[in-house]
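Enquirer: Sending over a structure as structure tokens; questions will come in a sec.
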Amino acid sequence: MVRALVITVLLILNLSLWGTLVFLGGLPKLLTTGRARRRVILLMAWFAERWVQGNDHIFDLLLDTRWQSSGLDELRRDGRCLLISNHVSWVDIFALFRAVRGRGPFIRFFMKRILLWFPIAGQGCWALEFPFMRRYTPEYLAKHPEKRGVDLETTRIACERYRDLPVTVANFIEGTRYTRSKHARQNSPYRFLLRPRVGGIGFMLASFSQHLDAVYDVTLIYPDHDVNLWQFLTNRLEWVRVEARRIDVPAEFHTAAITQPGAARERFKAWVDVLWREKDAQIARALGQEDLPPEALAG
């Protein structure tokens, strides 16, 4: 308990320091354009990487967790890449930041637009060029068909800002963190994964694929696949693995057709399903549970 409290305080202090600098950087960003604006954004990203570095030092000092990563050595600091990942815990954020730091550009996540108004953090993410999305549910679109395609246009505009910026965009395509209860409710066909949602990655590929240098399939693995942040902060998480592989996305999935109902979208879903089944088998091998049936995870 004391350890977790100390870590939490140190994380807050670290965020307060670097987050405030990023937050203050929003003003010169707002007042500049072109190359000057780009320099401001890159400076904000440098501050954000120092925040990640500070977090890593705190964890290494106070926790026994072993961090392992592979497959990301070819990342370029000046490149633009997309990471497609499963989502297990809030620890995933720290794991991905650690794995990419020093190898590739600072990670950005697609965020709900309402988070833009979250004090300091929301404005800091805006200063760092995090894309904010106003997503519409299928039910809403059925009643308001005029809004169909707005998500794609919003994504396109957000991604246009990355044409001249080095960036790593991470997408948790399950849309939510894994728990055994969610796994059961979804009747997921995978043993260690939730059902993937192809909308977000579809918008990203349709809007930005021509600017991407690489796409990576990232698998996050923990000893207990239903891990939570409290276990981590109380030093009960033995290890974390980030295993990545570079993948080739078929050319037919670089168009807006995969964001609309139809044959192309169905083929895209099937392609993602293959990735997810391979990822599921990868986690099973890492945990030595190749023969574990899905129902064994329901308990």
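Chain labels run A, B, ... following the order of the structure tokens; each chain numbers its residues from 1, and ligands are numbered from 1 in the order shown.
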Applying 7 Å and only C-alpha atoms, which residues near range 170-181 of chain A remain after dropping the ones on its own chain fewer than 2 positions away? List them as a ChimeraX atom specification.
Expert: /A:82-89,107-109,168,183-185,193-198,200-201,226,297-298
Enquirer: Can you list, as a PyMOL selection string, every protein, DNA or RNA residue that comes within 7 Å of range 71-75 of chain A when you count only C-alpha atoms, leaving out same-chain residues fewer than 2 positions away?
Expert: chain A and resi 77+103-104+243-245
Enquirer: Write the residues of the preceding selection, restricted to C-alpha atoms, as a short mmCIF file (atom, residue, chain, number, x, y, z; two decimals), in the first residue's frame.
Expert:
data_model
loop_
_atom_site.label_atom_id
_atom_site.label_comp_id
_atom_site.auth_asym_id
_atom_site.auth_seq_id
_atom_site.Cartn_x
_atom_site.Cartn_y
_atom_site.Cartn_z
CA ARG A 77 12.78 8.61 -35.05
CA ARG A 103 13.25 4.13 -30.99
CA GLY A 104 10.35 5.92 -32.63
CA GLU A 243 6.01 -8.30 -28.85
CA ALA A 244 5.72 -6.56 -32.22
CA ARG A 245 5.95 -7.59 -35.84
#
Enquirer: List every residue of range 147-256 of chain A that DSSP, applied to the backbone of this structure, assigns to helix (DSSP H, G or I), and report them as number ranges by chain.
Expert: A: 147, 150-160, 180-186, 198-211, 229-233, 251-254, 256
Enquirer: DSSP on the backbone: what in range 237-276 of chain A comes out strand (DSSP E), as a PyMOL selection string?
Expert: chain A and resi 239-247
Enquirer: With only C-alpha atoms as the atoms that count, which of A:Leu27, A:Ala127, A:Leu233, A:Leu61 lies nearest to Thr8 in chain A?
Expert: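 Selected residue with least distance to Thr8 in chain A: A:Leu233.
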Enquirer: Determine, using only C-alpha atoms, which residues of range 156-270 of chain A have any atom at most 12 Å from an atom of range 30-36 of chain A, and tabulate each with its shortest atom pair and distance in Å to one decimal place, rows ordered by chain and then rising number, as CSV.
Expert:
residue,atom,partner,partner_atom,distance
A:Arg161,CA,A:Gly34,CA,10.8
A:Asp164,CA,A:Arg35,CA,9.4
A:Leu165,CA,A:Arg35,CA,10.5
Enquirer: Please produce an output containing N, CA and C atoms for each residue in the selection, written as a PDB file, in the first residue's frame.
Expert:
ATOM      1  N   ARG A 161      -2.265  16.545 -40.410  1.00  0.00           N
ATOM      2  CA  ARG A 161      -1.289  17.270 -39.586  1.00  0.00           C
ATOM      3  C   ARG A 161      -0.009  16.477 -39.392  1.00  0.00           C
ATOM      4  N   ASP A 164       3.898  16.213 -42.026  1.00  0.00           N
ATOM      5  CA  ASP A 164       5.210  16.829 -41.834  1.00  0.00           C
ATOM      6  C   ASP A 164       5.749  16.613 -40.427  1.00  0.00           C
ATOM      7  N   LEU A 165       5.137  15.691 -39.686  1.00  0.00           N
ATOM      8  CA  LEU A 165       5.591  15.423 -38.328  1.00  0.00           C
ATOM      9  C   LEU A 165       5.921  13.948 -38.159  1.00  0.00           C
TER      10      LEU A 165
END
Enquirer: Can you pull out the residues contacting range 254-265 of chain A? Cut-off 9 Å, using only C-alpha atoms, and skip same-chain residues under 5 positions away; I want them as a list in words.
Expert: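 In the requested format, the answer is Gly149, Leu152, Val198, Gly199, Gly200, Gly202, Phe203, Leu205, Ala206, Ser207, Phe208, Ser209, Gln210, Val249 and Ala270 of chain A.
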Enquirer: Work out how far CA of Glu278 in chain A is from CA of Trp239 in chain A, in Å to one decimal.
Expert: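 Distance reported for this atom pair: 21.7 Å.
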Enquirer: Could you jot down the CA of Arg277 in chain A to CA of Tyr190 in chain A separation for me, Å, one decimal place?
Expert: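 About the pair CA of Arg277 in chain A and CA of Tyr190 in chain A: they are 6.8 Å apart.
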Enquirer: Ranking A:Trp46, A:Trp276, A:Tyr162, A:Trp271 by minimum distance to Leu212 in chain A and counting only C-alpha atoms, which one comes first?
Expert: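 Using only C-alpha atoms, Leu212 in chain A sits closest to A:Tyr162.
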Enquirer: For the atom pair CA of Tyr216 in chain A and CA of Leu63 in chain A, what is the interatomic distance in Å to one decimal place?
Expert: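 If I compute the distance from CA of Tyr216 in chain A to CA of Leu63 in chain A, I get 28.6 Å.
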Enquirer: Kindly indicate which residue among A:Pro250, A:Gly79, A:Gly54, A:Gly19 lies nearest to Phe97 in chain A, using only C-alpha atoms for the distances.
Expert: A:Gly54
Enquirer: Rank nothing, just name the residue among A:Val227, A:Val218, A:Ala251, A:Ala99 nearest to Leu275 in chain A, using only C-alpha atoms.
Expert: A:Val218
Enquirer: Considering only C-alpha atoms, state which residue in the set A:Met111, A:Ala45, A:Met1, A:Trp51 is at the smallest distance from Leu17 in chain A.
Expert: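 Closest to Leu17 in chain A, using only C-alpha atoms: A:Trp51.
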